[in-house]
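The next block holds one structure in the form of structure tokens; read it before the comments.
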Protein chains: 2
Amino acid sequence: MTKSDARPRHSQILDEIRALIVEGHWPPGHQLARETELAEQYGVSRMTMNKALTQLAQEGFLIRRKRRGTVVAEARSQSAVLEINIVADEVAALGKRYAWQLLESETRTLAPFELRLLGAQPGSVRDRVLVLQGLHYADDAPFCLETRAINLAAAPDAETVDFTVDVPGNWLLRSLPWTTARHSVRAINVTGDDARLLDHAAGTACLEILRKTEIGDTWVTHARLIYPGETYQLTAEFEPRADAVKGSGRTKP
Amino acid sequence: MTKSDARPRHSQILDEIRALIVEGHWPPGHQLARETELAEQYGVSRMTMNKALTQLAQEGFLIRRKRRGTVVAEARSQSAVLEINIVADEVAALGKRYAWQLLESETRTLAPFELRLLGAQPGSVRDRVLVLQGLHYADDAPFCLETRAINLAAAPDAETVDFTVDVPGNWLLRSLPWTTARHSVRAINVTGDDARLLDHAAGTACLEILRKTEIGDTWVTHARLIYPGETYQLTAEFEPRADAVKGSGRTKP
DNA sequence: GGCGCGATCATGTCTATACAAAGGGGCAAG
DNA sequence: CTTGCCCCTTTGTATAGACATGATCGCGCC
């Protein structure tokens with residue numbers, strides 16, 4: 001071993017062990033030697049070994065229990081990271097020119113049933129809400145229809161923003177950075193006004209993405225994005241329980 | 001401080017700092033004190049502080065650079081973990097009875113253009129492939145139409161399995177644990193045989209999920225899953241760059 | 001034979017210390 | 001003023017040692 005790699009030792013060891021697992025040399029259920037033994041084998045201290053093994057456990061490759069030792073985990077169900085981008089970026093990634101057109105903007109209070117839909121707490125029933133609708137264009141063709149409600153109690157500045165220029169999603173991400181969101185994705189047959197605005201025949205299959213964004217316990221915004229099916233697809237990569245995964249909207253097949 | 005929490009100290013500190021960031025007390029760009037100072041403030045050693053800060057950097061909340069110190073990261077674009085489950089589990093989660101019916105099974109070689117579609121290396125052109133088609137049922141109603149190709153060079157045992165009983169996705173997950181996969185999700189108007197098999201009118205909006213699975217550099221299987229739009233939706237939760245996120249198929253709105 | 005309790009063992013956490021590496025800042029030469 | 005070099009600050013990594021925690025095994029009592 002003449003080459004003394006620049007990479008940190010615990011990271012090398014981590015990769016070596018992960019390779020043993022991924023390539024099948026250590027099948028699920030395989031019992032590893034104890035930390036102290038492995039540390040000796042690799043010629044490092046137990047703390048260093050612990051760092052590698054703990055990280056692998058965090059990634060899901062290993063299961064560690066006191067007294068019982070460390071074993072290779074069973075394969076788990078597939079999961080994938082879907083990156084749900086800013087629409088402007090999606091359009092840019094397709095090499096097209098992006099444009100945004102605000103269609104409607106209205107400030108009002110929501111009816112109780114609407115608040116329930118958004119999961120808002122019953123206490124704050126009289127919060128005012130900014131309701132927006134607009135179109136995202138790619139090269140002059142409608143790309144995505146967005147309908148959005150913004151809770152002015154959570155984002156009071158929204159009232160002062162000119163959403164004919166600023167895209168709501170962008171602005172919210174800029175001004176309220178650390179939010180949590182819940183998404184759901186469905187296929188729908190687009191109808192009525194939605195079809196007309198998107199310039200598609202009624203009945204065309206579209207992806208409907210609902211996104212509810214919260215900060216702490218209060219809802220901030222609720223968005224409904226409709227993409228015509230043939231112009232958009234979500235993609236996601238999955239690597240074995242690794243964290244760094246990417247994906248994006250892409251053009252038609 | 002009479003209560004000496006059972007939780008490890010570095011984890012408590014991590015949560016406290018994350019709360020400061022998420023709740024906006026430390027905005028993006030905020031410069032933290034250096035490790036040694038923070039360690040002193042929290043009354044722990046630098047190693048413990050380092051563990052907390054390193055973890056937060058790994059989660060994406062902090063950016064750490066030598067000499068420059070530690071700052072709160074800018075918000076990044078939304079991303080979400082979509083868990084793409086085994087179909088049987090999805091059906092069970094809906095509280096329905098699951099069934100699988102194999103419609104077709106054929107062993108053959110793929111045409112060059114088909115191999116190209118799957119991204120198979122041109123060298124192994126003559127690999128034999130098992131092509132399957134079948135239906136997943138929920139309470140006797142078609143739930144998902146699956147079309148799948150399995151590379152027998154990568155999974156030779158597949159030829160000996162009775163896929164009228166074993167569900168292909170299950171079997172593959174069991175016997176080839178550590179794979180990587182690429183997904184894409186689209187909305188399509190279902191037509192022809194697909195519509196007939198799913199017992200839906202032609203033109204109904206459906207979610208089409210394409211999943212290509214690889215092990216190392218060779219493709220193992222390529223699946224096309226079609227779900228009628230009104231019976232299925234993908235859901236995903238996003239928490240600020242946290243790893244533990246869940247999602248699943250759910251029933252209609 | 002069954003139950004409970006303590007011994008034992010593997011991992012989990014924390015500390016103090018040491019040196020390495022990277023990235024700025026400043027100084028000096030041109 | 002620009003360029004190039006050295007130094008210093010801050011994080012990154014590694015170590016040995018210590019104690020905590022939790023789970024299991026097995027012994028002894030009933």
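The way I read the labels, and the way they are meant: chains A, B, ... in the order of the structure tokens, residue 1 as the first residue of every chain, and ligand 1 as the first ligand shown, with later ones counted on from there.
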(request) Apply DSSP to the backbone of this structure and, from range 66-203 of chain A, keep only the residues in alpha helix (DSSP H); write these as JSON, numbers by chain. (result) {"A": [87, 88, 89, 90, 91, 92, 93, 112, 113, 114, 115, 116, 117, 118, 168, 169, 170, 171, 172, 173, 174, 175, 192, 193, 194, 195, 196, 197, 198]}
Residues just named, written with N, CA and C atoms as an mmCIF file, in the first residue's frame:
data_model
loop_
_atom_site.group_PDB
_atom_site.id
_atom_site.type_symbol
_atom_site.label_atom_id
_atom_site.label_comp_id
_atom_site.auth_asym_id
_atom_site.auth_seq_id
_atom_site.Cartn_x
_atom_site.Cartn_y
_atom_site.Cartn_z
ATOM 1 N N VAL A 87 -40.956 25.884 -10.847
ATOM 2 C CA VAL A 87 -41.397 25.645 -12.218
ATOM 3 C C VAL A 87 -40.461 26.317 -13.223
ATOM 4 N N ALA A 88 -39.992 27.518 -12.896
ATOM 5 C CA ALA A 88 -39.101 28.226 -13.816
ATOM 6 C C ALA A 88 -37.855 27.390 -14.109
ATOM 7 N N ASP A 89 -37.340 26.712 -13.083
ATOM 8 C CA ASP A 89 -36.154 25.895 -13.278
ATOM 9 C C ASP A 89 -36.460 24.691 -14.158
ATOM 10 N N GLU A 90 -37.640 24.126 -13.960
ATOM 11 C CA GLU A 90 -38.030 22.986 -14.787
ATOM 12 C C GLU A 90 -38.060 23.381 -16.252
ATOM 13 N N VAL A 91 -38.629 24.524 -16.511
ATOM 14 C CA VAL A 91 -38.728 24.987 -17.888
ATOM 15 C C VAL A 91 -37.337 25.268 -18.449
ATOM 16 N N ALA A 92 -36.511 25.909 -17.629
ATOM 17 C CA ALA A 92 -35.151 26.203 -18.080
ATOM 18 C C ALA A 92 -34.396 24.918 -18.377
ATOM 19 N N ALA A 93 -34.624 23.881 -17.548
ATOM 20 C CA ALA A 93 -33.924 22.616 -17.751
ATOM 21 C C ALA A 93 -34.306 21.990 -19.091
ATOM 22 N N PRO A 112 -65.271 27.902 6.417
ATOM 23 C CA PRO A 112 -64.808 26.850 7.339
ATOM 24 C C PRO A 112 -64.449 25.554 6.623
ATOM 25 N N PHE A 113 -65.253 25.175 5.632
ATOM 26 C CA PHE A 113 -64.950 23.880 4.979
ATOM 27 C C PHE A 113 -63.642 23.965 4.198
ATOM 28 N N GLU A 114 -63.348 25.148 3.657
ATOM 29 C CA GLU A 114 -62.079 25.307 2.957
ATOM 30 C C GLU A 114 -60.906 25.207 3.927
ATOM 31 N N LEU A 115 -61.050 25.838 5.086
ATOM 32 C CA LEU A 115 -59.994 25.759 6.092
ATOM 33 C C LEU A 115 -59.775 24.322 6.534
ATOM 34 N N ARG A 116 -60.859 23.590 6.676
ATOM 35 C CA ARG A 116 -60.706 22.192 7.070
ATOM 36 C C ARG A 116 -59.912 21.428 6.026
ATOM 37 N N LEU A 117 -60.188 21.712 4.772
ATOM 38 C CA LEU A 117 -59.441 21.055 3.702
ATOM 39 C C LEU A 117 -57.944 21.294 3.856
ATOM 40 N N LEU A 118 -57.594 22.490 4.266
ATOM 41 C CA LEU A 118 -56.180 22.825 4.392
ATOM 42 C C LEU A 118 -55.598 22.380 5.724
ATOM 43 N N PRO A 168 -45.267 33.266 -7.387
ATOM 44 C CA PRO A 168 -45.575 33.004 -5.972
ATOM 45 C C PRO A 168 -44.652 31.973 -5.334
ATOM 46 N N GLY A 169 -44.437 30.859 -6.026
ATOM 47 C CA GLY A 169 -43.589 29.817 -5.446
ATOM 48 C C GLY A 169 -42.193 30.320 -5.138
ATOM 49 N N ASN A 170 -41.619 31.038 -6.064
ATOM 50 C CA ASN A 170 -40.290 31.613 -5.862
ATOM 51 C C ASN A 170 -40.271 32.539 -4.662
ATOM 52 N N TRP A 171 -41.231 33.441 -4.663
ATOM 53 C CA TRP A 171 -41.235 34.440 -3.613
ATOM 54 C C TRP A 171 -41.359 33.789 -2.240
ATOM 55 N N LEU A 172 -42.235 32.811 -2.130
ATOM 56 C CA LEU A 172 -42.438 32.146 -0.846
ATOM 57 C C LEU A 172 -41.168 31.435 -0.401
ATOM 58 N N LEU A 173 -40.508 30.783 -1.347
ATOM 59 C CA LEU A 173 -39.294 30.051 -0.993
ATOM 60 C C LEU A 173 -38.220 31.026 -0.523
ATOM 61 N N ARG A 174 -38.175 32.184 -1.180
ATOM 62 C CA ARG A 174 -37.166 33.169 -0.786
ATOM 63 C C ARG A 174 -37.450 33.727 0.594
ATOM 64 N N SER A 175 -38.726 34.034 0.864
ATOM 65 C CA SER A 175 -38.997 34.785 2.087
ATOM 66 C C SER A 175 -39.326 33.899 3.282
ATOM 67 N N GLY A 192 -63.164 21.531 -18.098
ATOM 68 C CA GLY A 192 -63.662 22.894 -17.950
ATOM 69 C C GLY A 192 -62.611 23.967 -18.140
ATOM 70 N N ASP A 193 -62.610 24.911 -17.170
ATOM 71 C CA ASP A 193 -61.703 26.041 -17.256
ATOM 72 C C ASP A 193 -60.244 25.596 -17.264
ATOM 73 N N ASP A 194 -59.933 24.571 -16.474
ATOM 74 C CA ASP A 194 -58.559 24.108 -16.420
ATOM 75 C C ASP A 194 -58.082 23.708 -17.811
ATOM 76 N N ALA A 195 -58.919 22.978 -18.525
ATOM 77 C CA ALA A 195 -58.553 22.535 -19.866
ATOM 78 C C ALA A 195 -58.390 23.738 -20.801
ATOM 79 N N ARG A 196 -59.317 24.660 -20.697
ATOM 80 C CA ARG A 196 -59.270 25.819 -21.583
ATOM 81 C C ARG A 196 -58.008 26.641 -21.330
ATOM 82 N N LEU A 197 -57.693 26.869 -20.069
ATOM 83 C CA LEU A 197 -56.521 27.679 -19.747
ATOM 84 C C LEU A 197 -55.236 26.998 -20.207
ATOM 85 N N LEU A 198 -55.183 25.697 -20.076
ATOM 86 C CA LEU A 198 -53.981 24.973 -20.499
ATOM 87 C C LEU A 198 -53.948 24.758 -21.998
#
(message) Could you pull out the strand (DSSP E or B) residues of range 8-204 of chain B, going by DSSP on the backbone, and write them as a ChimeraX atom specification?
(response) /B:31,62-65,69-72,79-83,98-109,128-138,141-151,180-189
Output C-alpha atoms for every residue in the selection just made, as an mmCIF file, in the first residue's frame.
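Writing done, so here's part.cif:
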data_model
loop_
_atom_site.group_PDB
_atom_site.id
_atom_site.type_symbol
_atom_site.label_atom_id
_atom_site.label_comp_id
_atom_site.auth_asym_id
_atom_site.auth_seq_id
_atom_site.Cartn_x
_atom_site.Cartn_y
_atom_site.Cartn_z
ATOM 1 C CA GLN B 31 -22.555 33.154 11.228
ATOM 2 C CA LEU B 62 -25.264 24.455 7.917
ATOM 3 C CA ILE B 63 -22.346 25.114 5.665
ATOM 4 C CA ARG B 64 -18.969 24.675 7.252
ATOM 5 C CA ARG B 65 -15.679 25.755 5.773
ATOM 6 C CA GLY B 69 -16.388 29.059 10.089
ATOM 7 C CA THR B 70 -20.000 27.854 10.132
ATOM 8 C CA VAL B 71 -22.970 29.659 8.596
ATOM 9 C CA VAL B 72 -26.656 28.814 8.186
ATOM 10 C CA SER B 79 -37.537 17.917 -2.590
ATOM 11 C CA ALA B 80 -39.532 15.046 -1.271
ATOM 12 C CA VAL B 81 -39.067 11.394 -0.644
ATOM 13 C CA LEU B 82 -41.551 9.292 -2.510
ATOM 14 C CA GLU B 83 -41.770 5.795 -1.244
ATOM 15 C CA TYR B 98 -55.032 -8.136 -2.665
ATOM 16 C CA ALA B 99 -54.760 -10.529 -5.571
ATOM 17 C CA TRP B 100 -52.336 -11.043 -8.430
ATOM 18 C CA GLN B 101 -53.085 -12.543 -11.822
ATOM 19 C CA LEU B 102 -50.412 -13.406 -14.343
ATOM 20 C CA LEU B 103 -51.598 -12.686 -17.863
ATOM 21 C CA GLU B 104 -48.553 -13.413 -19.986
ATOM 22 C CA SER B 105 -45.109 -14.879 -19.604
ATOM 23 C CA GLU B 106 -42.616 -15.269 -22.400
ATOM 24 C CA THR B 107 -38.881 -15.873 -22.636
ATOM 25 C CA ARG B 108 -37.148 -14.343 -25.603
ATOM 26 C CA THR B 109 -34.329 -12.126 -26.722
ATOM 27 C CA ARG B 128 -32.432 -13.699 -22.904
ATOM 28 C CA VAL B 129 -35.196 -11.807 -21.218
ATOM 29 C CA LEU B 130 -38.334 -12.867 -19.389
ATOM 30 C CA VAL B 131 -41.265 -10.664 -20.353
ATOM 31 C CA LEU B 132 -44.246 -10.686 -17.996
ATOM 32 C CA GLN B 133 -47.605 -8.993 -17.837
ATOM 33 C CA GLY B 134 -50.085 -9.217 -15.012
ATOM 34 C CA LEU B 135 -52.769 -7.461 -13.015
ATOM 35 C CA HIS B 136 -52.854 -6.429 -9.391
ATOM 36 C CA TYR B 137 -56.343 -6.485 -7.882
ATOM 37 C CA ALA B 138 -57.811 -4.694 -4.897
ATOM 38 C CA ALA B 141 -61.202 -4.636 -9.065
ATOM 39 C CA PRO B 142 -58.131 -4.090 -11.265
ATOM 40 C CA PHE B 143 -55.766 -1.832 -9.348
ATOM 41 C CA CYS B 144 -52.576 -1.787 -11.390
ATOM 42 C CA LEU B 145 -51.401 -3.209 -14.686
ATOM 43 C CA GLU B 146 -47.811 -4.333 -14.671
ATOM 44 C CA THR B 147 -45.601 -5.056 -17.654
ATOM 45 C CA ARG B 148 -42.107 -6.166 -16.854
ATOM 46 C CA ALA B 149 -38.921 -7.400 -18.463
ATOM 47 C CA ILE B 150 -36.413 -9.357 -16.390
ATOM 48 C CA ASN B 151 -32.825 -9.789 -17.554
ATOM 49 C CA THR B 180 -30.548 0.938 -7.610
ATOM 50 C CA ALA B 181 -33.575 2.185 -9.466
ATOM 51 C CA ARG B 182 -34.653 5.050 -11.627
ATOM 52 C CA HIS B 183 -38.270 6.093 -11.741
ATOM 53 C CA SER B 184 -40.322 8.333 -13.890
ATOM 54 C CA VAL B 185 -43.932 9.266 -13.313
ATOM 55 C CA ARG B 186 -46.294 10.526 -16.012
ATOM 56 C CA ALA B 187 -49.969 10.986 -16.598
ATOM 57 C CA ILE B 188 -51.349 9.196 -19.653
ATOM 58 C CA ASN B 189 -54.684 8.629 -21.271
#
(request) Mind checking which residues fall within 9 Å of DA22 in chain C, counting only C-alpha atoms (C1' of nucleotides), ignoring those fewer than 4 positions away in the same chain, and posting them as JSON, numbers by chain? (result) {"B": [65, 66, 67], "D": [11]}
Let's have the selection written as an mmCIF file, in the first residue's frame, with C-alpha atoms (C1' of nucleotides).
data_model
loop_
_atom_site.group_PDB
_atom_site.id
_atom_site.type_symbol
_atom_site.label_atom_id
_atom_site.label_comp_id
_atom_site.auth_asym_id
_atom_site.auth_seq_id
_atom_site.Cartn_x
_atom_site.Cartn_y
_atom_site.Cartn_z
ATOM 1 C CA ARG B 65 -15.679 25.755 5.773
ATOM 2 C CA LYS B 66 -12.262 25.783 7.212
ATOM 3 C CA ARG B 67 -11.071 29.127 8.342
ATOM 4 C "C1'" DT D 11 -12.699 22.959 10.929
#
(request) Write down, as a ChimeraX atom specification, each residue of chain A that has any atom within 9 Å of an atom of chain D, counting only C-alpha atoms (C1' of nucleotides). (result) /A:8-10,44-48,65-68
Please save C-alpha atoms of the selected residues as a PDB file, in the first residue's frame.
ATOM      1  CA  PRO A   8     -10.363  10.197   5.501  1.00  0.00           C
ATOM      2  CA  ARG A   9      -9.908   6.707   6.816  1.00  0.00           C
ATOM      3  CA  HIS A  10     -13.391   6.303   8.289  1.00  0.00           C
ATOM      4  CA  VAL A  44      -7.796   2.058  13.399  1.00  0.00           C
ATOM      5  CA  SER A  45      -9.174   3.011  16.779  1.00  0.00           C
ATOM      6  CA  ARG A  46     -12.610   1.939  17.885  1.00  0.00           C
ATOM      7  CA  MET A  47     -13.923   5.507  17.602  1.00  0.00           C
ATOM      8  CA  THR A  48     -13.010   5.621  13.935  1.00  0.00           C
ATOM      9  CA  ARG A  65     -28.016  -3.549  18.735  1.00  0.00           C
ATOM     10  CA  LYS A  66     -26.311  -3.667  22.033  1.00  0.00           C
ATOM     11  CA  ARG A  67     -25.077  -7.030  23.079  1.00  0.00           C
ATOM     12  CA  ARG A  68     -26.381  -8.624  19.884  1.00  0.00           C
TER      13      ARG A  68
END
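Residues surrounding Ala75 in chain A within 10 Å are Pro27, Pro28, Gly60, Phe61, Pro240 and Arg241 of chain A; Leu173, Arg174, Ser175, Leu176, Pro177, Trp178 and Thr179 of chain B [only C-alpha atoms (C1' of nucleotides); sequence separation below 5 positions excluded].
Every chain C residue lying within 9 Å of chain B, based on only C-alpha atoms (C1' of nucleotides), is listed here: C:DG12, C:DT13, C:DC14, C:DT15, C:DA16, C:DA21, C:DA22, C:DG23, C:DG24.
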(request) Rank nothing, just name the residue among B:Val220, B:Val167, B:Leu56, B:Ala19 nearest to chain A, using only C-alpha atoms. (result)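 Counting only C-alpha atoms, the residue closest to chain A is B:Ala19.
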(message) Between C1' of DT8 in chain C and CA of Thr36 in chain A, what is the distance in Å, rounded to a tenth?
(response)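 One can read the C1' of DT8 in chain C to CA of Thr36 in chain A distance as 16.3 Å.
Atom pair CA of His30 in chain A / CA of Glu16 in chain A has a distance of 15.6 Å (rounded to one decimal).
Among the candidates A:Leu14, A:Leu110, A:Leu32, A:Ile86, the one nearest to chain B when counting only C-alpha atoms is A:Ile86.
Distance-wise, CA of Leu207 in chain A and CA of Tyr232 in chain A end up 8.0 Å apart.
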